[in-house]
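data-v3.txt, holding compact mmCIF, C-alpha atoms:
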# COMPACT_ATOMS: atom_id res chain seq x y z
CA MET A 24 6.10 -17.07 -8.05
CA ASN A 25 3.90 -18.97 -10.42
CA VAL A 26 3.91 -17.45 -13.92
CA GLU A 27 0.21 -18.15 -14.26
CA TYR A 28 -0.26 -15.24 -11.86
CA ILE A 29 1.05 -12.77 -14.45
CA ASN A 30 -1.20 -12.97 -17.50
CA PRO A 31 -4.47 -12.25 -15.68
CA PHE A 32 -3.02 -8.90 -14.56
CA ILE A 33 -1.79 -8.00 -18.05
CA ASP A 34 -5.16 -8.92 -19.56
CA ALA A 35 -7.02 -6.96 -16.87
CA ILE A 36 -5.07 -3.68 -17.18
CA VAL A 37 -5.06 -3.74 -20.98
CA ASN A 38 -8.80 -4.32 -20.96
CA VAL A 39 -9.52 -1.67 -18.31
CA LEU A 40 -7.49 1.05 -20.03
CA LYS A 41 -8.89 0.17 -23.45
CA THR A 42 -12.55 0.16 -22.46
CA MET A 43 -12.52 2.94 -19.86
CA ALA A 44 -9.91 5.32 -21.24
CA GLN A 45 -9.54 4.44 -24.93
CA THR A 46 -5.84 3.91 -24.20
CA ASP A 47 -3.71 1.17 -25.74
CA ALA A 48 -1.29 -0.27 -23.19
CA ARG A 49 1.57 -2.24 -24.73
CA ALA A 50 3.10 -4.77 -22.35
CA GLY A 51 6.90 -4.91 -22.23
CA LYS A 52 8.99 -7.83 -21.05
CA PRO A 53 8.20 -9.02 -17.53
CA SER A 54 11.21 -9.23 -15.25
CA ILE A 55 12.06 -10.20 -11.72
CA LYS A 56 12.44 -6.97 -9.82
CA GLY A 57 15.92 -6.93 -8.32
CA SER A 58 17.59 -4.22 -6.32
CA LYS A 59 16.60 -1.71 -8.97
CA THR A 60 13.99 0.55 -7.46
CA SER A 61 11.10 1.52 -9.67
CA LYS A 62 9.67 4.98 -9.25
CA GLY A 63 6.27 6.34 -10.06
CA ASP A 64 4.35 9.57 -9.55
CA VAL A 65 0.91 8.11 -8.70
CA THR A 66 0.65 4.55 -7.41
CA GLY A 67 -2.33 2.40 -6.52
CA LEU A 68 -1.48 -0.32 -4.01
CA ILE A 69 -3.66 -3.19 -2.91
CA GLY A 70 -2.99 -6.07 -0.57
CA LEU A 71 -4.20 -9.62 -1.15
CA ALA A 72 -4.67 -12.07 1.66
CA GLY A 73 -6.22 -15.47 2.13
CA GLU A 74 -5.62 -18.97 3.29
CA GLN A 75 -3.84 -19.96 0.09
CA ALA A 76 -1.94 -16.85 -0.90
CA LYS A 77 -0.95 -13.38 0.19
CA GLY A 78 0.61 -10.54 -1.69
CA SER A 79 0.66 -6.98 -2.81
CA ILE A 80 0.04 -5.37 -6.17
CA ALA A 81 1.21 -1.93 -7.29
CA VAL A 82 -0.05 -0.09 -10.36
CA SER A 83 2.23 2.90 -10.80
CA PHE A 84 1.85 5.65 -13.36
CA SER A 85 3.98 8.47 -14.61
CA ALA A 86 2.14 11.79 -14.21
CA SER A 87 1.91 12.32 -17.99
CA CYS A 88 0.33 8.91 -18.52
CA ILE A 89 -2.27 9.05 -15.77
CA LEU A 90 -3.33 12.61 -16.57
CA LYS A 91 -4.17 11.58 -20.13
CA VAL A 92 -5.82 8.32 -19.01
CA VAL A 93 -8.07 10.11 -16.54
CA SER A 94 -8.80 12.92 -18.99
CA ASN A 95 -10.06 10.24 -21.38
CA MET A 96 -11.98 8.38 -18.68
CA LEU A 97 -13.79 11.42 -17.36
CA MET A 98 -13.94 13.32 -20.66
CA GLU A 99 -12.42 16.40 -19.04
CA GLU A 100 -8.90 17.77 -19.33
CA PHE A 101 -6.74 17.16 -16.24
CA THR A 102 -3.36 18.86 -16.02
CA GLU A 103 -2.53 18.15 -12.40
CA ILE A 104 -3.06 15.34 -9.90
CA THR A 105 -6.40 16.16 -8.31
CA ASP A 106 -8.64 14.07 -6.06
CA GLU A 107 -10.47 12.85 -9.17
CA VAL A 108 -7.19 11.51 -10.56
CA THR A 109 -6.33 9.83 -7.25
CA ASP A 110 -9.80 8.25 -7.10
CA ALA A 111 -9.48 7.00 -10.66
CA VAL A 112 -6.17 5.30 -9.85
CA GLY A 113 -7.81 3.59 -6.88
CA GLU A 114 -10.63 2.44 -9.11
CA ILE A 115 -8.24 1.16 -11.80
CA THR A 116 -6.27 -0.72 -9.12
CA ASN A 117 -9.47 -2.28 -7.81
CA MET A 118 -10.66 -3.30 -11.25
CA VAL A 119 -7.32 -4.80 -12.26
CA SER A 120 -7.05 -6.80 -9.03
CA GLY A 121 -10.70 -7.81 -9.23
CA GLY A 122 -10.31 -8.97 -12.82
CA ALA A 123 -7.20 -10.96 -12.01
CA LYS A 124 -8.80 -12.40 -8.86
CA LYS A 125 -11.71 -13.71 -10.91
CA THR A 126 -9.45 -15.38 -13.48
CA LEU A 127 -7.20 -16.85 -10.78
CA SER A 128 -10.12 -18.17 -8.73
CA GLU A 129 -11.09 -20.25 -11.78
CA LYS A 130 -7.65 -21.85 -11.40
CA ASN A 131 -8.34 -22.46 -7.72
CA ILE A 132 -6.03 -19.67 -6.57
CA ARG A 133 -8.20 -17.74 -4.15
CA PHE A 134 -7.61 -14.68 -2.02
CA ASP A 135 -9.50 -11.70 -0.62
CA MET A 136 -8.70 -8.15 -1.59
CA ALA A 137 -7.84 -5.45 0.93
CA ILE A 138 -8.81 -1.80 0.54
CA PRO A 139 -6.64 -0.04 -2.04
CA SER A 140 -4.62 3.02 -1.22
CA VAL A 141 -3.17 5.60 -3.57
CA ILE A 142 0.18 7.32 -3.13
CA VAL A 143 0.88 10.66 -4.78
CA GLY A 144 4.39 12.08 -4.80
CA GLN A 145 6.77 12.78 -7.65
CA GLY A 146 9.24 9.93 -8.15
CA HIS A 147 8.39 7.93 -5.03
CA SER A 148 9.81 4.43 -4.72
CA ILE A 149 7.96 1.24 -3.80
CA THR A 150 9.43 -1.76 -2.02
CA HIS A 151 7.46 -4.94 -1.39
CA MET A 152 8.59 -6.56 1.85
CA THR A 153 8.82 -10.15 0.72
CA SER A 154 11.57 -12.71 0.51
CA GLY A 155 9.85 -14.06 -2.61
CA PRO A 156 10.16 -12.67 -6.14
CA VAL A 157 8.47 -9.49 -7.28
CA ILE A 158 7.45 -9.47 -10.94
CA ALA A 159 7.73 -6.13 -12.72
CA LEU A 160 5.55 -5.59 -15.78
CA PRO A 161 6.44 -2.47 -17.76
CA PHE A 162 3.90 -0.92 -20.12
CA GLU A 163 4.05 1.83 -22.70
CA THR A 164 1.24 4.06 -23.85
CA ASP A 165 1.21 6.96 -26.30
CA HIS A 166 1.19 9.23 -23.24
CA GLY A 167 4.07 7.70 -21.26
CA PRO A 168 4.94 4.60 -19.28
CA PHE A 169 3.42 2.84 -16.32
CA PHE A 170 4.17 -0.41 -14.56
CA ILE A 171 2.56 -3.11 -12.49
CA GLU A 172 4.40 -4.98 -9.75
CA ILE A 173 3.03 -8.29 -8.55
CA CYS A 174 4.15 -10.18 -5.53
CA ILE A 175 2.10 -13.20 -4.51
CA VAL A 176 3.32 -15.84 -2.08
CA ASN A 177 1.63 -19.19 -1.55
CA THR A 178 0.68 -19.70 2.06
CA GLY A 179 -1.65 -22.69 1.73
CA MET B 20 -15.54 1.99 12.16
CA ASN B 21 -15.59 0.31 15.53
CA VAL B 22 -13.47 2.21 18.08
CA GLU B 23 -12.27 -1.07 19.53
CA TYR B 24 -10.11 -1.34 16.41
CA ILE B 25 -8.03 1.64 17.50
CA ASN B 26 -6.44 0.81 20.82
CA PRO B 27 -4.73 -2.41 19.69
CA PHE B 28 -2.83 -0.37 17.10
CA ILE B 29 -1.79 2.30 19.60
CA ASP B 30 -0.65 -0.34 22.07
CA ALA B 31 1.25 -2.22 19.38
CA ILE B 32 3.20 0.76 17.97
CA VAL B 33 4.05 2.16 21.41
CA ASN B 34 5.29 -1.27 22.48
CA VAL B 35 7.28 -1.91 19.30
CA LEU B 36 9.06 1.46 19.35
CA LYS B 37 9.76 1.22 23.07
CA THR B 38 11.22 -2.27 23.05
CA MET B 39 12.96 -2.21 19.69
CA ALA B 40 14.11 1.41 19.42
CA GLN B 41 14.03 2.80 22.97
CA THR B 42 11.70 5.48 21.64
CA ASP B 43 8.72 6.87 23.53
CA ALA B 44 5.77 7.45 21.23
CA ARG B 45 3.11 9.75 22.68
CA ALA B 46 -0.31 9.24 21.14
CA GLY B 47 -2.23 12.38 20.19
CA LYS B 48 -5.95 12.69 19.71
CA PRO B 49 -7.45 10.26 17.19
CA SER B 50 -9.55 11.89 14.50
CA ILE B 51 -11.58 10.97 11.49
CA LYS B 52 -9.43 11.76 8.49
CA GLY B 53 -11.33 14.17 6.32
CA SER B 54 -10.29 15.90 3.16
CA LYS B 55 -7.04 16.93 4.81
CA THR B 56 -4.26 14.95 3.19
CA SER B 57 -1.59 13.62 5.50
CA LYS B 58 1.93 13.51 4.17
CA GLY B 59 4.87 11.38 5.19
CA ASP B 60 8.40 10.73 3.99
CA VAL B 61 8.54 6.97 4.58
CA THR B 62 5.32 4.96 4.80
CA GLY B 63 4.67 1.32 5.50
CA LEU B 64 1.36 0.11 4.07
CA ILE B 65 -0.34 -3.19 4.67
CA GLY B 66 -3.65 -4.55 3.49
CA LEU B 67 -5.99 -6.64 5.60
CA ALA B 68 -8.53 -9.00 4.10
CA GLY B 69 -10.80 -11.74 5.29
CA GLU B 70 -14.35 -12.93 5.41
CA GLN B 71 -15.28 -10.57 8.24
CA ALA B 72 -13.29 -7.43 7.52
CA LYS B 73 -11.03 -5.76 5.04
CA GLY B 74 -8.89 -2.68 5.32
CA SER B 75 -5.60 -0.93 4.97
CA ILE B 76 -3.16 0.38 7.53
CA ALA B 77 -0.50 3.05 6.98
CA VAL B 78 2.37 3.79 9.34
CA SER B 79 3.96 6.98 8.10
CA PHE B 80 7.10 8.61 9.47
CA SER B 81 8.81 11.92 9.02
CA ALA B 82 12.40 11.40 7.87
CA SER B 83 13.84 12.81 11.13
CA CYS B 84 11.79 10.43 13.24
CA ILE B 85 12.46 7.22 11.33
CA LEU B 86 16.19 7.91 10.97
CA LYS B 87 16.51 8.14 14.75
CA VAL B 88 14.25 5.14 15.35
CA VAL B 89 16.24 2.95 12.98
CA SER B 90 19.57 4.26 14.32
CA ASN B 91 18.41 3.11 17.76
CA MET B 92 17.07 -0.22 16.45
CA LEU B 93 20.23 -1.17 14.58
CA MET B 94 22.67 0.63 16.86
CA GLU B 95 24.22 2.43 13.91
CA GLU B 96 23.85 6.05 12.82
CA PHE B 97 21.61 6.52 9.79
CA THR B 98 21.45 9.95 8.15
CA GLU B 99 19.59 9.04 4.98
CA ILE B 100 16.85 6.64 3.90
CA THR B 101 18.76 3.49 2.96
CA ASP B 102 17.47 -0.02 2.23
CA GLU B 103 18.00 -0.84 5.93
CA VAL B 104 15.65 1.98 6.89
CA THR B 105 13.06 0.86 4.34
CA ASP B 106 13.29 -2.72 5.61
CA ALA B 107 12.88 -1.57 9.20
CA VAL B 108 9.70 0.34 8.32
CA GLY B 109 8.32 -2.79 6.66
CA GLU B 110 9.17 -4.77 9.77
CA ILE B 111 7.58 -2.21 12.10
CA THR B 112 4.43 -2.21 9.92
CA ASN B 113 4.29 -6.00 10.07
CA MET B 114 4.77 -6.07 13.82
CA VAL B 115 2.15 -3.42 14.52
CA SER B 116 -0.42 -5.13 12.29
CA GLY B 117 0.47 -8.54 13.69
CA GLY B 118 0.13 -7.29 17.26
CA ALA B 119 -3.22 -5.66 16.55
CA LYS B 120 -4.43 -8.71 14.63
CA LYS B 121 -3.70 -10.91 17.64
CA THR B 122 -5.58 -8.62 20.04
CA LEU B 123 -8.52 -8.24 17.65
CA SER B 124 -8.78 -11.99 17.00
CA GLU B 125 -9.38 -12.43 20.72
CA LYS B 126 -12.45 -10.21 20.15
CA ASN B 127 -13.50 -12.41 17.25
CA ILE B 128 -12.47 -9.86 14.62
CA ARG B 129 -10.36 -11.91 12.25
CA PHE B 130 -8.53 -11.07 9.05
CA ASP B 131 -5.44 -12.13 7.14
CA MET B 132 -2.55 -9.79 6.50
CA ALA B 133 -1.23 -9.02 3.03
CA ILE B 134 2.43 -8.38 2.25
CA PRO B 135 3.52 -4.92 3.42
CA SER B 136 5.03 -2.40 1.06
CA VAL B 137 7.10 0.66 1.86
CA ILE B 138 6.91 3.97 0.03
CA VAL B 139 9.82 6.39 0.10
CA GLY B 140 9.45 9.91 -1.21
CA GLN B 141 9.58 13.25 0.54
CA GLY B 142 6.12 14.50 1.44
CA HIS B 143 4.06 11.90 -0.41
CA SER B 144 0.35 11.73 0.29
CA ILE B 145 -1.74 8.66 1.08
CA THR B 146 -5.41 8.16 0.26
CA HIS B 147 -7.36 5.10 1.35
CA MET B 148 -10.01 4.25 -1.23
CA THR B 149 -12.94 3.59 1.06
CA SER B 150 -16.35 5.07 1.57
CA GLY B 151 -16.00 4.28 5.29
CA PRO B 152 -14.12 6.36 7.86
CA VAL B 153 -10.35 6.51 8.10
CA ILE B 154 -9.00 7.01 11.61
CA ALA B 155 -5.87 9.12 11.89
CA LEU B 156 -3.68 8.58 14.96
CA PRO B 157 -0.97 11.23 15.36
CA PHE B 158 2.09 10.50 17.51
CA GLU B 159 4.96 12.60 18.75
CA THR B 160 8.45 11.44 19.63
CA ASP B 161 11.51 13.38 20.73
CA HIS B 162 12.73 13.05 17.15
CA GLY B 163 9.65 14.19 15.29
CA PRO B 164 6.13 13.09 14.42
CA PHE B 165 4.65 10.05 12.79
CA PHE B 166 1.11 8.85 12.24
CA ILE B 167 -0.94 5.73 11.77
CA GLU B 168 -4.02 5.57 9.58
CA ILE B 169 -6.49 2.77 10.05
CA CYS B 170 -9.34 1.91 7.78
CA ILE B 171 -11.21 -1.31 8.48
CA VAL B 172 -14.59 -2.15 6.99
CA ASN B 173 -16.79 -5.01 8.15
CA THR B 174 -17.63 -7.35 5.31
CA GLY B 175 -19.01 -10.32 7.24
Rewrite the structure of this file - the entire thing - as structure tokens.
Amino acid sequence: MNVEYINPFIDAIVNVLKTMAQTDARAGKPSIKGSKTSKGDVTGLIGLAGEQAKGSIAVSFSASCILKVVSNMLMEEFTEITDEVTDAVGEITNMVSGGAKKTLSEKNIRFDMAIPSVIVGQGHSITHMTSGPVIALPFETDHGPFFIEICIVNTG
Amino acid sequence: MNVEYINPFIDAIVNVLKTMAQTDARAGKPSIKGSKTSKGDVTGLIGLAGEQAKGSIAVSFSASCILKVVSNMLMEEFTEITDEVTDAVGEITNMVSGGAKKTLSEKNIRFDMAIPSVIVGQGHSITHMTSGPVIALPFETDHGPFFIEICIVNTG
């Protein structure tokens, strides 16, 4: 996978969480996701498809992190994963993918976005069904970790 | 959502499970998914995107059902959700979407498929982030239930 795919996603999530939830997200070291399974509590997933590229993107939060993020976003205290929290994760996933799509289209990497879905379940695992690499981007916040997984395959 | 989207998915999953896993899937009554959250143990998710339509499809199995299906497919007894089971769910999701895509393209409804992902986690919930309807298709097998959720929105 082309490394130029990565930075637009980092920039997008850092920007989204900063402006919408007053949350500083600190990017850790990107790695190729191997057999190690990453687990999250609330995950936004969105597919990408087009003539040039296809892929899937996961934005997966620990419960502690997303509860604080959404509490900040909606200026209301959330202590459990409600529909509002699920919706917010879908919206964050959309905004991150949309932001990255815009940056990538300027580099002539174009794709359409599918409809996002959100998975809720303590410690669920996510596997992307691709023979290509999956890039894992870990992040830390003051309220706990989250991660983004990016898998994009050239088809053009 | 156009009802002509539904039958190609029913036909595809019934055909895939019959030919690959000698499993009879009996379709229940389709419904519009409301606030009721459906929960599965192993879910294959795939995004659809294109100039005419975008969407997301979930194929979600109870553990008992998928363990028997994969045991039949691979002619080996599986009693827990291993990587082979996860891979098989990804493959089933791909085949069902691919089969439906082919049928729908003959009706001039065209989209590209994203990369599928598979979620594993007992009783996780799935929410599709769309303002349009989500069609829930329940199925029964001799080994337990599974369901398909279809959400496709015209964009063209």
*asked:* Taking (-4.7, -1.4, -21.3) in the coordinates of the supplied file, I want to know which residues reach to within 12 Å of it, counting only C-alpha atoms; could you give the answer as a PyMOL selection string?
replied: chain A and resi 32-50+82+88+92+115+118-119+161-165+168-171
Given the selection you just returned, output its residues as a file containing C-alpha atoms, formatted as a CSV table (one decimal), in the coordinates of the input.
chain,number,residue,atom,x,y,z
A,32,PHE,CA,-3.0,-8.9,-14.6
A,33,ILE,CA,-1.8,-8.0,-18.0
A,34,ASP,CA,-5.2,-8.9,-19.6
A,35,ALA,CA,-7.0,-7.0,-16.9
A,36,ILE,CA,-5.1,-3.7,-17.2
A,37,VAL,CA,-5.1,-3.7,-21.0
A,38,ASN,CA,-8.8,-4.3,-21.0
A,39,VAL,CA,-9.5,-1.7,-18.3
A,40,LEU,CA,-7.5,1.0,-20.0
A,41,LYS,CA,-8.9,0.2,-23.4
A,42,THR,CA,-12.6,0.2,-22.5
A,43,MET,CA,-12.5,2.9,-19.9
A,44,ALA,CA,-9.9,5.3,-21.2
A,45,GLN,CA,-9.5,4.4,-24.9
A,46,THR,CA,-5.8,3.9,-24.2
A,47,ASP,CA,-3.7,1.2,-25.7
A,48,ALA,CA,-1.3,-0.3,-23.2
A,49,ARG,CA,1.6,-2.2,-24.7
A,50,ALA,CA,3.1,-4.8,-22.4
A,82,VAL,CA,0.0,-0.1,-10.4
A,88,CYS,CA,0.3,8.9,-18.5
A,92,VAL,CA,-5.8,8.3,-19.0
A,115,ILE,CA,-8.2,1.2,-11.8
A,118,MET,CA,-10.7,-3.3,-11.2
A,119,VAL,CA,-7.3,-4.8,-12.3
A,161,PRO,CA,6.4,-2.5,-17.8
A,162,PHE,CA,3.9,-0.9,-20.1
A,163,GLU,CA,4.0,1.8,-22.7
A,164,THR,CA,1.2,4.1,-23.8
A,165,ASP,CA,1.2,7.0,-26.3
A,168,PRO,CA,4.9,4.6,-19.3
A,169,PHE,CA,3.4,2.8,-16.3
A,170,PHE,CA,4.2,-0.4,-14.6
A,171,ILE,CA,2.6,-3.1,-12.5
*Between atom CA of B:Val108 and atom CA of B:Gly163, what is the spacing in Å?*
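Atom CA of B:Val108 lies at a distance of 15.5 Å from atom CA of B:Gly163.
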*Which chain B residues are at most 7 Å from chain A (counting only C-alpha atoms), as a PyMOL selection string?*
chain B and resi 65-69+73-75+109+131-140+142-149
How about saving the chosen residues, C-alpha atoms kept, as a CSV table (one decimal), in the frame of the given file?
chain,number,residue,atom,x,y,z
B,65,ILE,CA,-0.3,-3.2,4.7
B,66,GLY,CA,-3.6,-4.6,3.5
B,67,LEU,CA,-6.0,-6.6,5.6
B,68,ALA,CA,-8.5,-9.0,4.1
B,69,GLY,CA,-10.8,-11.7,5.3
B,73,LYS,CA,-11.0,-5.8,5.0
B,74,GLY,CA,-8.9,-2.7,5.3
B,75,SER,CA,-5.6,-0.9,5.0
B,109,GLY,CA,8.3,-2.8,6.7
B,131,ASP,CA,-5.4,-12.1,7.1
B,132,MET,CA,-2.6,-9.8,6.5
B,133,ALA,CA,-1.2,-9.0,3.0
B,134,ILE,CA,2.4,-8.4,2.2
B,135,PRO,CA,3.5,-4.9,3.4
B,136,SER,CA,5.0,-2.4,1.1
B,137,VAL,CA,7.1,0.7,1.9
B,138,ILE,CA,6.9,4.0,0.0
B,139,VAL,CA,9.8,6.4,0.1
B,140,GLY,CA,9.4,9.9,-1.2
B,142,GLY,CA,6.1,14.5,1.4
B,143,HIS,CA,4.1,11.9,-0.4
B,144,SER,CA,0.4,11.7,0.3
B,145,ILE,CA,-1.7,8.7,1.1
B,146,THR,CA,-5.4,8.2,0.3
B,147,HIS,CA,-7.4,5.1,1.4
B,148,MET,CA,-10.0,4.2,-1.2
B,149,THR,CA,-12.9,3.6,1.1
_To one decimal place in Å, what is the distance between atom CA of A:Glu129 and atom CA of A:Gln75?_
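Result for atom CA of A:Glu129 versus atom CA of A:Gln75: 13.9 Å, one decimal.
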*For the atom pair atom CA of B:Ile154 and atom CA of B:Ser116, what is the interatomic distance in Å to one decimal place?*
14.9 Å
*Which one is closest to A:Val157: A:Ser87, A:Thr116, A:Ser94, A:Ser61? Count only C-alpha atoms.*
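Among the listed residues, A:Ser61 lies closest to A:Val157.
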*Rank B:Gly151, B:Lys48, B:Thr174, B:Asn26 by their smallest atom-to-atom distance to B:Arg129, using only C-alpha atoms, and report the top residue only.*
B:Thr174
Can you take stretch 32-41 of chain A from the block and write all heavy atoms as a PDB file, in the first residue's frame?
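Output saved as result.pdb:
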ATOM      1  N   PHE A  32      -5.307  10.450   6.409  1.00  0.00           N
ATOM      2  CA  PHE A  32      -6.178   9.917   7.464  1.00  0.00           C
ATOM      3  C   PHE A  32      -5.758  10.449   8.836  1.00  0.00           C
ATOM      4  O   PHE A  32      -6.609  10.791   9.664  1.00  0.00           O
ATOM      5  CB  PHE A  32      -6.176   8.387   7.446  1.00  0.00           C
ATOM      6  CG  PHE A  32      -6.942   7.823   6.289  1.00  0.00           C
ATOM      7  CD1 PHE A  32      -6.314   7.501   5.105  1.00  0.00           C
ATOM      8  CD2 PHE A  32      -8.317   7.649   6.371  1.00  0.00           C
ATOM      9  CE1 PHE A  32      -7.029   7.011   4.011  1.00  0.00           C
ATOM     10  CE2 PHE A  32      -9.042   7.162   5.295  1.00  0.00           C
ATOM     11  CZ  PHE A  32      -8.399   6.839   4.111  1.00  0.00           C
ATOM     12  N   ILE A  33      -4.440  10.493   9.066  1.00  0.00           N
ATOM     13  CA  ILE A  33      -3.959  11.041  10.345  1.00  0.00           C
ATOM     14  C   ILE A  33      -4.394  12.500  10.472  1.00  0.00           C
ATOM     15  O   ILE A  33      -4.964  12.911  11.491  1.00  0.00           O
ATOM     16  CB  ILE A  33      -2.416  10.929  10.453  1.00  0.00           C
ATOM     17  CG1 ILE A  33      -1.989   9.448  10.444  1.00  0.00           C
ATOM     18  CG2 ILE A  33      -1.903  11.632  11.719  1.00  0.00           C
ATOM     19  CD1 ILE A  33      -0.483   9.232  10.525  1.00  0.00           C
ATOM     20  N   ASP A  34      -4.141  13.273   9.416  1.00  0.00           N
ATOM     21  CA  ASP A  34      -4.513  14.697   9.460  1.00  0.00           C
ATOM     22  C   ASP A  34      -6.017  14.858   9.702  1.00  0.00           C
ATOM     23  O   ASP A  34      -6.444  15.715  10.481  1.00  0.00           O
ATOM     24  CB  ASP A  34      -4.144  15.376   8.133  1.00  0.00           C
ATOM     25  CG  ASP A  34      -2.627  15.438   7.939  1.00  0.00           C
ATOM     26  OD1 ASP A  34      -1.894  15.210   8.922  1.00  0.00           O
ATOM     27  OD2 ASP A  34      -2.202  15.689   6.800  1.00  0.00           O
ATOM     28  N   ALA A  35      -6.817  14.017   9.030  1.00  0.00           N
ATOM     29  CA  ALA A  35      -8.273  14.155   9.130  1.00  0.00           C
ATOM     30  C   ALA A  35      -8.770  13.846  10.542  1.00  0.00           C
ATOM     31  O   ALA A  35      -9.554  14.607  11.115  1.00  0.00           O
ATOM     32  CB  ALA A  35      -8.963  13.253   8.104  1.00  0.00           C
ATOM     33  N   ILE A  36      -8.300  12.744  11.147  1.00  0.00           N
ATOM     34  CA  ILE A  36      -8.835  12.391  12.476  1.00  0.00           C
ATOM     35  C   ILE A  36      -8.355  13.388  13.526  1.00  0.00           C
ATOM     36  O   ILE A  36      -9.125  13.776  14.428  1.00  0.00           O
ATOM     37  CB  ILE A  36      -8.486  10.927  12.889  1.00  0.00           C
ATOM     38  CG1 ILE A  36      -9.227  10.530  14.170  1.00  0.00           C
ATOM     39  CG2 ILE A  36      -6.999  10.727  13.118  1.00  0.00           C
ATOM     40  CD1 ILE A  36     -10.668  10.240  14.017  1.00  0.00           C
ATOM     41  N   VAL A  37      -7.108  13.819  13.434  1.00  0.00           N
ATOM     42  CA  VAL A  37      -6.590  14.778  14.417  1.00  0.00           C
ATOM     43  C   VAL A  37      -7.408  16.067  14.338  1.00  0.00           C
ATOM     44  O   VAL A  37      -7.821  16.628  15.355  1.00  0.00           O
ATOM     45  CB  VAL A  37      -5.084  15.048  14.174  1.00  0.00           C
ATOM     46  CG1 VAL A  37      -4.605  16.261  14.975  1.00  0.00           C
ATOM     47  CG2 VAL A  37      -4.267  13.809  14.548  1.00  0.00           C
ATOM     48  N   ASN A  38      -7.672  16.497  13.118  1.00  0.00           N
ATOM     49  CA  ASN A  38      -8.438  17.717  12.894  1.00  0.00           C
ATOM     50  C   ASN A  38      -9.894  17.585  13.384  1.00  0.00           C
ATOM     51  O   ASN A  38     -10.415  18.457  14.083  1.00  0.00           O
ATOM     52  CB  ASN A  38      -8.408  18.042  11.393  1.00  0.00           C
ATOM     53  CG  ASN A  38      -9.051  19.373  11.095  1.00  0.00           C
ATOM     54  OD1 ASN A  38      -8.880  20.332  11.838  1.00  0.00           O
ATOM     55  ND2 ASN A  38      -9.801  19.411  10.008  1.00  0.00           N
ATOM     56  N   VAL A  39     -10.516  16.451  13.058  1.00  0.00           N
ATOM     57  CA  VAL A  39     -11.916  16.228  13.461  1.00  0.00           C
ATOM     58  C   VAL A  39     -12.051  16.219  14.984  1.00  0.00           C
ATOM     59  O   VAL A  39     -12.929  16.881  15.554  1.00  0.00           O
ATOM     60  CB  VAL A  39     -12.459  14.915  12.850  1.00  0.00           C
ATOM     61  CG1 VAL A  39     -13.737  14.464  13.553  1.00  0.00           C
ATOM     62  CG2 VAL A  39     -12.720  15.082  11.354  1.00  0.00           C
ATOM     63  N   LEU A  40     -11.164  15.480  15.653  1.00  0.00           N
ATOM     64  CA  LEU A  40     -11.298  15.374  17.117  1.00  0.00           C
ATOM     65  C   LEU A  40     -10.950  16.698  17.800  1.00  0.00           C
ATOM     66  O   LEU A  40     -11.533  17.039  18.837  1.00  0.00           O
ATOM     67  CB  LEU A  40     -10.422  14.238  17.653  1.00  0.00           C
ATOM     68  CG  LEU A  40     -10.859  12.835  17.232  1.00  0.00           C
ATOM     69  CD1 LEU A  40     -10.004  11.783  17.919  1.00  0.00           C
ATOM     70  CD2 LEU A  40     -12.333  12.584  17.546  1.00  0.00           C
ATOM     71  N   LYS A  41     -10.013  17.429  17.211  1.00  0.00           N
ATOM     72  CA  LYS A  41      -9.618  18.713  17.793  1.00  0.00           C
ATOM     73  C   LYS A  41     -10.761  19.724  17.680  1.00  0.00           C
ATOM     74  O   LYS A  41     -11.134  20.359  18.667  1.00  0.00           O
ATOM     75  CB  LYS A  41      -8.385  19.236  17.040  1.00  0.00           C
ATOM     76  CG  LYS A  41      -7.832  20.549  17.547  1.00  0.00           C
ATOM     77  CD  LYS A  41      -7.111  20.342  18.862  1.00  0.00           C
ATOM     78  CE  LYS A  41      -6.568  21.643  19.445  1.00  0.00           C
ATOM     79  NZ  LYS A  41      -6.075  21.422  20.822  1.00  0.00           N
TER      80      LYS A  41
END
